[in-house]
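Asks: Enclosed is the structure file coords.cif (mmCIF, C-alpha atoms and all ligand atoms).
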data_work
#
loop_
_atom_site.label_atom_id
_atom_site.label_comp_id
_atom_site.auth_asym_id
_atom_site.auth_seq_id
_atom_site.Cartn_x
_atom_site.Cartn_y
_atom_site.Cartn_z
CA LYS A 1 0.00 0.00 0.00
CA ASP A 2 2.13 2.81 -1.24
CA PHE A 3 0.35 6.13 -1.53
CA ARG A 4 3.45 7.84 -2.93
CA ASN A 5 3.61 8.57 -6.64
CA ASN A 6 6.47 9.77 -8.80
CA VAL A 7 5.33 13.40 -9.02
CA LYS A 8 7.77 15.73 -7.28
CA PRO A 9 5.96 18.46 -5.31
CA ASN A 10 6.89 21.97 -6.37
CA TRP A 11 6.21 23.50 -2.96
CA CYS A 12 8.97 25.74 -1.58
CA PRO A 13 11.55 23.88 0.53
CA GLY A 14 10.28 23.95 4.12
CA CYS A 15 6.60 24.48 3.26
CA GLY A 16 4.34 22.89 5.86
CA ASP A 17 2.30 21.16 3.18
CA PHE A 18 4.97 18.44 2.75
CA SER A 19 4.12 17.04 6.18
CA VAL A 20 0.39 17.11 5.46
CA GLN A 21 1.01 15.09 2.30
CA ALA A 22 3.07 12.55 4.28
CA ALA A 23 0.43 12.35 7.01
CA ILE A 24 -2.36 11.62 4.53
CA GLN A 25 -0.26 8.91 2.88
CA ARG A 26 0.59 7.30 6.23
CA ALA A 27 -2.97 7.54 7.56
CA ALA A 28 -4.41 5.93 4.43
CA ALA A 29 -1.95 3.04 4.75
CA ASN A 30 -2.58 2.69 8.49
CA VAL A 31 -6.34 2.34 8.06
CA GLY A 32 -5.77 -0.39 5.49
CA LEU A 33 -6.86 1.41 2.33
CA GLU A 34 -5.61 0.58 -1.14
CA PRO A 35 -4.95 3.50 -3.53
CA GLU A 36 -8.12 2.64 -5.45
CA ASN A 37 -10.18 3.09 -2.25
CA LEU A 38 -9.12 6.72 -1.74
CA ALA A 39 -10.10 9.94 -3.52
CA VAL A 40 -8.33 13.22 -2.72
CA ILE A 41 -10.14 16.29 -3.99
CA SER A 42 -8.51 19.71 -3.75
CA GLY A 43 -9.21 23.34 -4.48
CA ILE A 44 -6.88 26.07 -5.75
CA GLY A 45 -3.83 27.38 -3.94
CA CYS A 46 -0.39 25.98 -3.15
CA SER A 47 -2.01 23.31 -0.99
CA GLY A 48 -4.46 22.48 -3.78
CA ARG A 49 -1.64 20.72 -5.60
CA ILE A 50 -1.75 17.94 -3.01
CA SER A 51 -4.24 15.83 -4.97
CA GLY A 52 -1.57 15.35 -7.64
CA TYR A 53 1.04 14.17 -5.16
CA ILE A 54 -0.81 11.19 -3.71
CA ASN A 55 -1.20 7.81 -5.35
CA SER A 56 -5.01 7.66 -5.30
CA TYR A 57 -7.91 9.00 -7.28
CA GLY A 58 -7.47 12.76 -7.41
CA PHE A 59 -9.24 15.84 -8.67
CA HIS A 60 -7.80 19.35 -8.63
CA GLY A 61 -10.94 21.46 -8.72
CA ILE A 62 -11.53 25.19 -8.83
CA HIS A 63 -11.10 27.76 -6.09
CA GLY A 64 -13.23 27.05 -3.03
CA ARG A 65 -15.02 24.14 -4.65
CA SER A 66 -13.25 21.08 -3.31
CA LEU A 67 -16.18 20.30 -1.01
CA PRO A 68 -18.99 20.24 -3.60
CA ILE A 69 -16.87 17.93 -5.76
CA ALA A 70 -15.88 15.74 -2.82
CA GLN A 71 -19.51 15.44 -1.73
CA GLY A 72 -20.51 14.45 -5.26
CA VAL A 73 -17.79 11.79 -5.36
CA LYS A 74 -18.87 10.35 -2.02
CA MET A 75 -22.55 10.33 -2.97
CA ALA A 76 -21.77 8.56 -6.24
CA ASN A 77 -19.50 5.98 -4.66
CA ARG A 78 -19.86 5.52 -0.94
CA ASP A 79 -17.19 2.80 -1.03
CA LEU A 80 -14.48 5.44 -1.51
CA THR A 81 -12.82 7.15 1.41
CA VAL A 82 -12.97 10.79 0.37
CA ILE A 83 -10.61 13.53 1.50
CA ALA A 84 -11.21 17.15 0.55
CA SER A 85 -8.30 19.53 0.99
CA GLY A 86 -7.24 23.10 0.43
CA GLY A 87 -5.93 26.22 2.08
CA ASP A 88 -7.51 28.65 4.52
CA GLY A 89 -8.30 31.09 1.69
CA ASP A 90 -9.90 28.28 -0.28
CA GLY A 91 -12.02 26.93 2.56
CA PHE A 92 -12.73 29.97 4.72
CA ALA A 93 -13.12 32.72 2.08
CA ILE A 94 -14.52 31.75 -1.32
CA GLY A 95 -15.44 28.23 -0.13
CA MET A 96 -16.89 29.16 3.26
CA GLY A 97 -20.50 28.63 2.20
CA HIS A 98 -19.67 25.08 1.16
CA THR A 99 -17.73 24.47 4.35
CA ILE A 100 -20.61 25.43 6.62
CA HIS A 101 -23.17 23.43 4.67
CA ALA A 102 -20.98 20.32 4.45
CA ILE A 103 -20.51 20.55 8.21
CA ARG A 104 -24.21 20.84 9.01
CA ARG A 105 -24.99 18.11 6.49
CA ASN A 106 -22.54 15.78 8.26
CA ILE A 107 -21.62 14.03 5.03
CA ASP A 108 -19.03 11.32 5.53
CA ILE A 109 -15.84 12.93 4.21
CA THR A 110 -12.67 14.31 5.80
CA TYR A 111 -11.78 17.92 5.10
CA ILE A 112 -8.14 18.88 5.70
CA VAL A 113 -7.36 22.59 5.62
CA MET A 114 -3.74 23.69 5.32
CA ASP A 115 -3.91 26.93 7.28
CA ASN A 116 -0.94 29.24 6.63
CA GLN A 117 -2.77 32.51 7.31
CA ILE A 118 -1.82 33.96 3.92
CA TYR A 119 -2.42 33.52 0.19
CA GLY A 120 0.82 31.85 -0.93
CA LEU A 121 0.16 30.95 -4.56
CA THR A 122 -0.65 34.56 -5.46
CA LYS A 123 2.51 35.72 -3.67
CA GLY A 124 1.42 36.85 -0.25
CA GLN A 125 -1.89 38.61 0.38
CA THR A 126 -3.95 38.76 3.58
CA SER A 127 -6.23 35.73 3.98
CA PRO A 128 -9.34 35.20 6.14
CA ARG A 129 -7.07 33.66 8.77
CA SER A 130 -4.56 36.52 8.90
CA ALA A 131 -4.43 38.25 12.27
CA THR A 132 -5.62 41.81 12.78
CA GLY A 133 -2.67 44.11 12.05
CA PHE A 134 -1.04 41.60 9.67
CA LYS A 135 0.86 43.48 6.97
CA THR A 136 1.01 42.18 3.41
CA LYS A 137 1.02 43.77 -0.01
CA SER A 138 -2.82 43.79 0.12
CA THR A 139 -2.89 45.35 3.61
CA PRO A 140 0.28 47.47 3.78
CA GLN A 141 -0.96 49.34 6.85
CA GLY A 142 -2.04 46.12 8.59
CA SER A 143 -5.29 44.20 8.32
CA VAL A 144 -8.16 45.89 10.14
CA GLU A 145 -10.35 42.75 9.99
CA GLN A 146 -10.87 40.04 12.57
CA PRO A 147 -9.64 36.61 11.43
CA ILE A 148 -12.09 33.73 11.00
CA ALA A 149 -12.13 31.31 13.94
CA PRO A 150 -12.66 28.04 12.03
CA MET A 151 -12.89 25.66 14.96
CA GLU A 152 -15.45 27.79 16.80
CA MET A 153 -17.34 28.26 13.53
CA ALA A 154 -17.42 24.48 13.01
CA LEU A 155 -18.75 23.86 16.52
CA THR A 156 -21.54 26.38 16.09
CA ALA A 157 -22.42 24.92 12.66
CA GLY A 158 -23.02 21.52 14.28
CA ALA A 159 -19.77 19.72 13.44
CA THR A 160 -19.38 16.17 14.72
CA PHE A 161 -15.57 15.99 14.40
CA VAL A 162 -13.35 19.02 14.90
CA ALA A 163 -9.58 18.74 15.20
CA GLN A 164 -6.52 20.88 14.77
CA SER A 165 -2.85 20.06 14.31
CA PHE A 166 0.55 21.48 13.45
CA SER A 167 2.30 20.18 10.37
CA THR A 168 5.51 19.25 12.22
CA ASP A 169 3.57 17.01 14.63
CA LEU A 170 3.52 14.27 12.04
CA LYS A 171 2.58 11.49 14.44
CA ASP A 172 -0.34 13.41 15.97
CA LEU A 173 -1.51 14.69 12.59
CA THR A 174 -1.46 11.19 11.11
CA ALA A 175 -3.47 9.87 14.05
CA LEU A 176 -6.04 12.67 13.67
CA ILE A 177 -6.44 12.01 9.93
CA GLU A 178 -6.91 8.30 10.67
CA ALA A 179 -9.58 9.17 13.25
CA GLY A 180 -11.23 11.53 10.78
CA MET A 181 -11.32 8.84 8.09
CA LYS A 182 -12.91 6.39 10.54
CA HIS A 183 -15.45 8.93 11.81
CA LYS A 184 -18.94 8.36 10.42
CA GLY A 185 -19.76 11.89 9.34
CA PHE A 186 -17.97 15.09 8.39
CA SER A 187 -14.54 15.59 9.94
CA LEU A 188 -12.77 18.95 9.80
CA ILE A 189 -9.04 18.98 10.49
CA ASN A 190 -7.38 22.39 10.43
CA VAL A 191 -3.60 22.11 10.12
CA PHE A 192 -1.24 24.98 10.87
CA SER A 193 1.01 24.62 7.85
CA PRO A 194 3.54 27.48 7.72
CA CYS A 195 4.22 29.37 4.50
CA VAL A 196 7.96 29.91 4.84
CA THR A 197 8.15 32.19 1.82
CA TYR A 198 5.51 34.85 2.50
CA ASN A 199 4.40 34.60 6.13
CA LYS A 200 7.26 35.84 8.29
CA VAL A 201 5.05 36.17 11.39
CA ASN A 202 3.36 32.77 11.82
CA THR A 203 6.57 30.76 11.53
CA TYR A 204 7.42 27.30 12.89
CA ASP A 205 8.96 28.96 15.96
CA TRP A 206 5.88 31.15 16.45
CA PHE A 207 3.59 28.12 16.47
CA LYS A 208 5.89 26.19 18.80
CA GLU A 209 5.72 29.07 21.27
CA ASN A 210 1.99 29.68 21.01
CA LEU A 211 0.27 26.31 20.57
CA THR A 212 -1.15 24.27 23.45
CA LYS A 213 -1.68 20.54 23.09
CA LEU A 214 -5.06 19.43 24.37
CA SER A 215 -3.38 16.28 25.68
CA ASP A 216 -1.53 18.57 28.13
CA ILE A 217 -4.81 19.91 29.55
CA GLU A 218 -5.73 17.59 32.39
CA GLY A 219 -9.13 15.97 32.06
CA TYR A 220 -9.98 17.56 28.70
CA ASP A 221 -13.06 15.79 27.35
CA PRO A 222 -13.55 16.00 23.54
CA SER A 223 -17.14 14.77 23.83
CA ASN A 224 -18.11 17.96 25.70
CA ARG A 225 -19.03 20.65 23.18
CA GLU A 226 -19.29 23.42 25.74
CA GLU A 227 -15.86 22.63 27.14
CA ALA A 228 -14.48 22.54 23.60
CA MET A 229 -15.81 26.04 22.90
CA GLN A 230 -14.58 27.44 26.21
CA THR A 231 -11.12 25.94 25.69
CA LEU A 232 -10.87 27.38 22.19
CA MET A 233 -11.87 30.83 23.42
CA LYS A 234 -9.46 30.68 26.34
CA HIS A 235 -6.52 29.81 24.06
CA ASN A 236 -7.56 32.07 21.17
CA GLY A 237 -8.04 28.96 19.01
CA LEU A 238 -4.37 27.98 19.32
CA VAL A 239 -4.84 24.38 20.48
CA THR A 240 -3.96 21.11 18.81
CA GLY A 241 -5.56 17.68 19.11
CA LEU A 242 -9.07 16.29 18.93
CA ILE A 243 -11.21 19.25 19.98
CA TYR A 244 -14.65 17.69 19.68
CA GLN A 245 -16.24 14.47 18.49
CA ASN A 246 -19.87 13.39 18.52
CA THR A 247 -20.26 9.74 17.58
CA GLU A 248 -24.02 9.68 18.17
CA ARG A 249 -25.30 11.82 15.32
CA PRO A 250 -25.95 9.85 12.12
CA SER A 251 -24.21 10.89 8.93
CA TYR A 252 -26.02 12.35 5.94
CA GLN A 253 -25.74 9.03 4.14
CA GLU A 254 -27.24 7.10 7.04
CA LEU A 255 -30.29 9.38 7.02
CA LEU A 256 -30.95 9.15 3.28
CA LYS A 257 -33.63 6.65 2.38
CA GLY A 258 -32.44 4.19 -0.25
CA TYR A 259 -28.83 5.36 -0.13
CA SER A 260 -27.64 2.16 1.47
CA GLU A 261 -29.02 -0.08 -1.26
CA ALA A 262 -26.23 0.31 -3.82
CA PRO A 263 -23.55 2.84 -4.73
CA LEU A 264 -24.74 5.02 -7.58
CA VAL A 265 -21.72 4.02 -9.66
CA GLU A 266 -23.00 0.43 -9.63
CA ALA A 267 -26.59 1.30 -10.49
CA ASP A 268 -27.88 0.38 -13.91
CA LEU A 269 -28.92 3.79 -15.22
CA GLN A 270 -30.16 2.24 -18.48
CA LEU A 271 -28.68 5.05 -20.48
CA ASP A 272 -29.16 3.46 -23.87
CA GLY A 273 -29.97 5.70 -26.83
CA ALA A 274 -33.74 5.93 -26.19
CA HIS A 275 -33.39 6.68 -22.47
CA PHE A 276 -30.68 9.22 -23.10
CA ASP A 277 -32.77 11.04 -25.71
CA LYS A 278 -35.72 11.12 -23.29
CA LEU A 279 -33.50 12.54 -20.55
CA VAL A 280 -32.20 15.25 -22.89
CA GLU A 281 -35.76 16.10 -23.96
CA GLU A 282 -36.67 16.89 -20.36
CA PHE A 283 -34.06 19.64 -20.33
CA MET A 284 -34.99 21.17 -23.69
FE1 LIG A 301 4.24 26.72 0.68
FE2 LIG A 301 4.17 29.38 0.86
FE3 LIG A 301 5.77 28.25 -0.91
FE4 LIG A 301 3.13 28.18 -1.25
S1 LIG A 301 4.42 30.00 -1.27
S2 LIG A 301 4.56 26.46 -1.54
S3 LIG A 301 2.39 27.98 0.87
S4 LIG A 301 5.93 28.05 1.32
#
Output the file's structure as structure tokens, nothing else.
Replies:
Amino acid sequence: KDFRNNVKPNWCPGCGDFSVQAAIQRAAANVGLEPENLAVISGIGCSGRISGYINSYGFHGIHGRSLPIAQGVKMANRDLTVIASGGDGDGFAIGMGHTIHAIRRNIDITYIVMDNQIYGLTKGQTSPRSATGFKTKSTPQGSVEQPIAPMEMALTAGATFVAQSFSTDLKDLTALIEAGMKHKGFSLINVFSPCVTYNKVNTYDWFKENLTKLSDIEGYDPSNREEAMQTLMKHNGLVTGLIYQNTERPSYQELLKGYSEAPLVEADLQLDGAHFDKLVEEFM
């Protein structure tokens, strides 16, 4: 089970996205998948290239649209383990509407966001995760906006699996992705993945100094939503680990009548000439 392919990533040396790629490959192998059981769907941005760097089905979609495509793939073939991925600009700006609705829908896919608090591919503009006061070429006097708080947003939208990690914590990140893949419902994993080229504030050292591991908080209970929210607010969102998981709520697929009968890809759609013409007529 080798999820590596022979495509050499063209990320900058030191980019946090390398570790996320490795973690996905390890997690997929650890849960016993074969490459043909996995689909990685990505949006646009440096991190969006990840779908081309993993030996699996892959689809590099358009900006902010990894989730609609990933949901379509999962609905058509429930036998696939589906990962959607992208950056914080992709998921929390142009794709935010899809993110919230996928969360509340609780569709059974894992969404991995590579959060570098900047737009890297377009050479360094302020993103929805950039801190207030953050200076870039798009905010030369410092951003006057509040950053999105994705974990708190996910909790309020009804998420059933919310986790956060740091790209250098490869072991923890791999374990979280494995848990997300096994979770029956939507799992959101936000990964602090430093952009070494354009973000000179949120560096590896900055994260090491500012992140708190939930495993170091005595008695932390990830099944307690209220505690999860309070902990996030207390630490300004800068925590890593499994923040919240609800294993009781059924997934979107489990609630859909008839969905369990057969994957759509195996259904006989009877699209011979006559049926196809009839279908086209309905849209004329
Ligand atoms: Fe990574 Fe930043 Fe380089 Fe993009 S620009 S590949 S995010 S280090």
Asks: How many Å lie between atom CA of Arg78 of chain A and atom CA of Lys171 of chain A, rounded to one decimal?
Replies: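 A separation of 27.9 Å between them.
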Asks: Could you tell me how far atom CA of Tyr119 of chain A sits from atom CA of Ala93 of chain A, in Å to one decimal place?
Replies: 10.9 Å
Asks: Using all atoms listed in the file, which residues sit within 10 Å of Asn30 of chain A once same-chain residues fewer than 4 positions away are excluded, as an mmCIF file with C-alpha atoms, keeping the file's coordinate frame?
Replies:
data_model
loop_
_atom_site.group_PDB
_atom_site.id
_atom_site.type_symbol
_atom_site.label_atom_id
_atom_site.label_comp_id
_atom_site.auth_asym_id
_atom_site.auth_seq_id
_atom_site.Cartn_x
_atom_site.Cartn_y
_atom_site.Cartn_z
ATOM 1 C CA LYS A 1 0.000 0.000 0.000
ATOM 2 C CA ILE A 24 -2.360 11.620 4.530
ATOM 3 C CA GLN A 25 -0.260 8.910 2.880
ATOM 4 C CA ARG A 26 0.590 7.300 6.230
ATOM 5 C CA THR A 174 -1.460 11.190 11.110
ATOM 6 C CA ALA A 175 -3.470 9.870 14.050
ATOM 7 C CA GLU A 178 -6.910 8.300 10.670
#
Asks: What residues of the protein or nucleic acid chains come within 10 Å of ligand LIG 301 (chain A) when you use only C-alpha atoms and all ligand atoms? Reply as a PyMOL selection string.
Replies: chain A and resi 9-18+45-49+87+114-124+193-199
Asks: Kindly give the distance, in Å, that separates atom CA of Arg249 of chain A and atom CA of Lys234 of chain A, rounded to a single decimal.
Replies: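 Value for the atom CA of Arg249 of chain A-atom CA of Lys234 of chain A distance: 27.0 Å.
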Asks: Tell me which of A:Leu173, A:Leu214, A:Ala102, A:Ile44 sits closest to Ala228 of chain A, counting only C-alpha atoms.
Replies: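 Using only C-alpha atoms, Ala228 of chain A sits closest to A:Leu214.
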Asks: Which of these, A:Leu232, A:Ala274, A:Ala27, A:Ile100, has the shortest distance to Gly180 of chain A once you count all atoms listed in the file?
Replies: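 The shortest atom-to-atom distance to Gly180 of chain A comes from A:Ala27.
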Asks: Pick out the residues sitting within 8 Å of Thr247 of chain A, and hand them over as a list in words; count only C-alpha atoms, and ignore anything fewer than 4 positions along from it in its own chain.
Replies: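 Here the answer would be Thr160, His183 and Lys184 of chain A.
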Asks: For the residues in that selection, give me C-alpha atoms as a PDB file, in the frame of the given file.
Replies:
ATOM      1  CA  THR A 160     -19.380  16.170  14.720  1.00  0.00           C
ATOM      2  CA  HIS A 183     -15.450   8.930  11.810  1.00  0.00           C
ATOM      3  CA  LYS A 184     -18.940   8.360  10.420  1.00  0.00           C
TER       4      LYS A 184
END
Asks: Which one is closest to Leu67 of chain A: A:Leu188, A:Leu33, A:Gln164, A:Val7? Count all atoms listed in the file.
Replies: A:Leu188
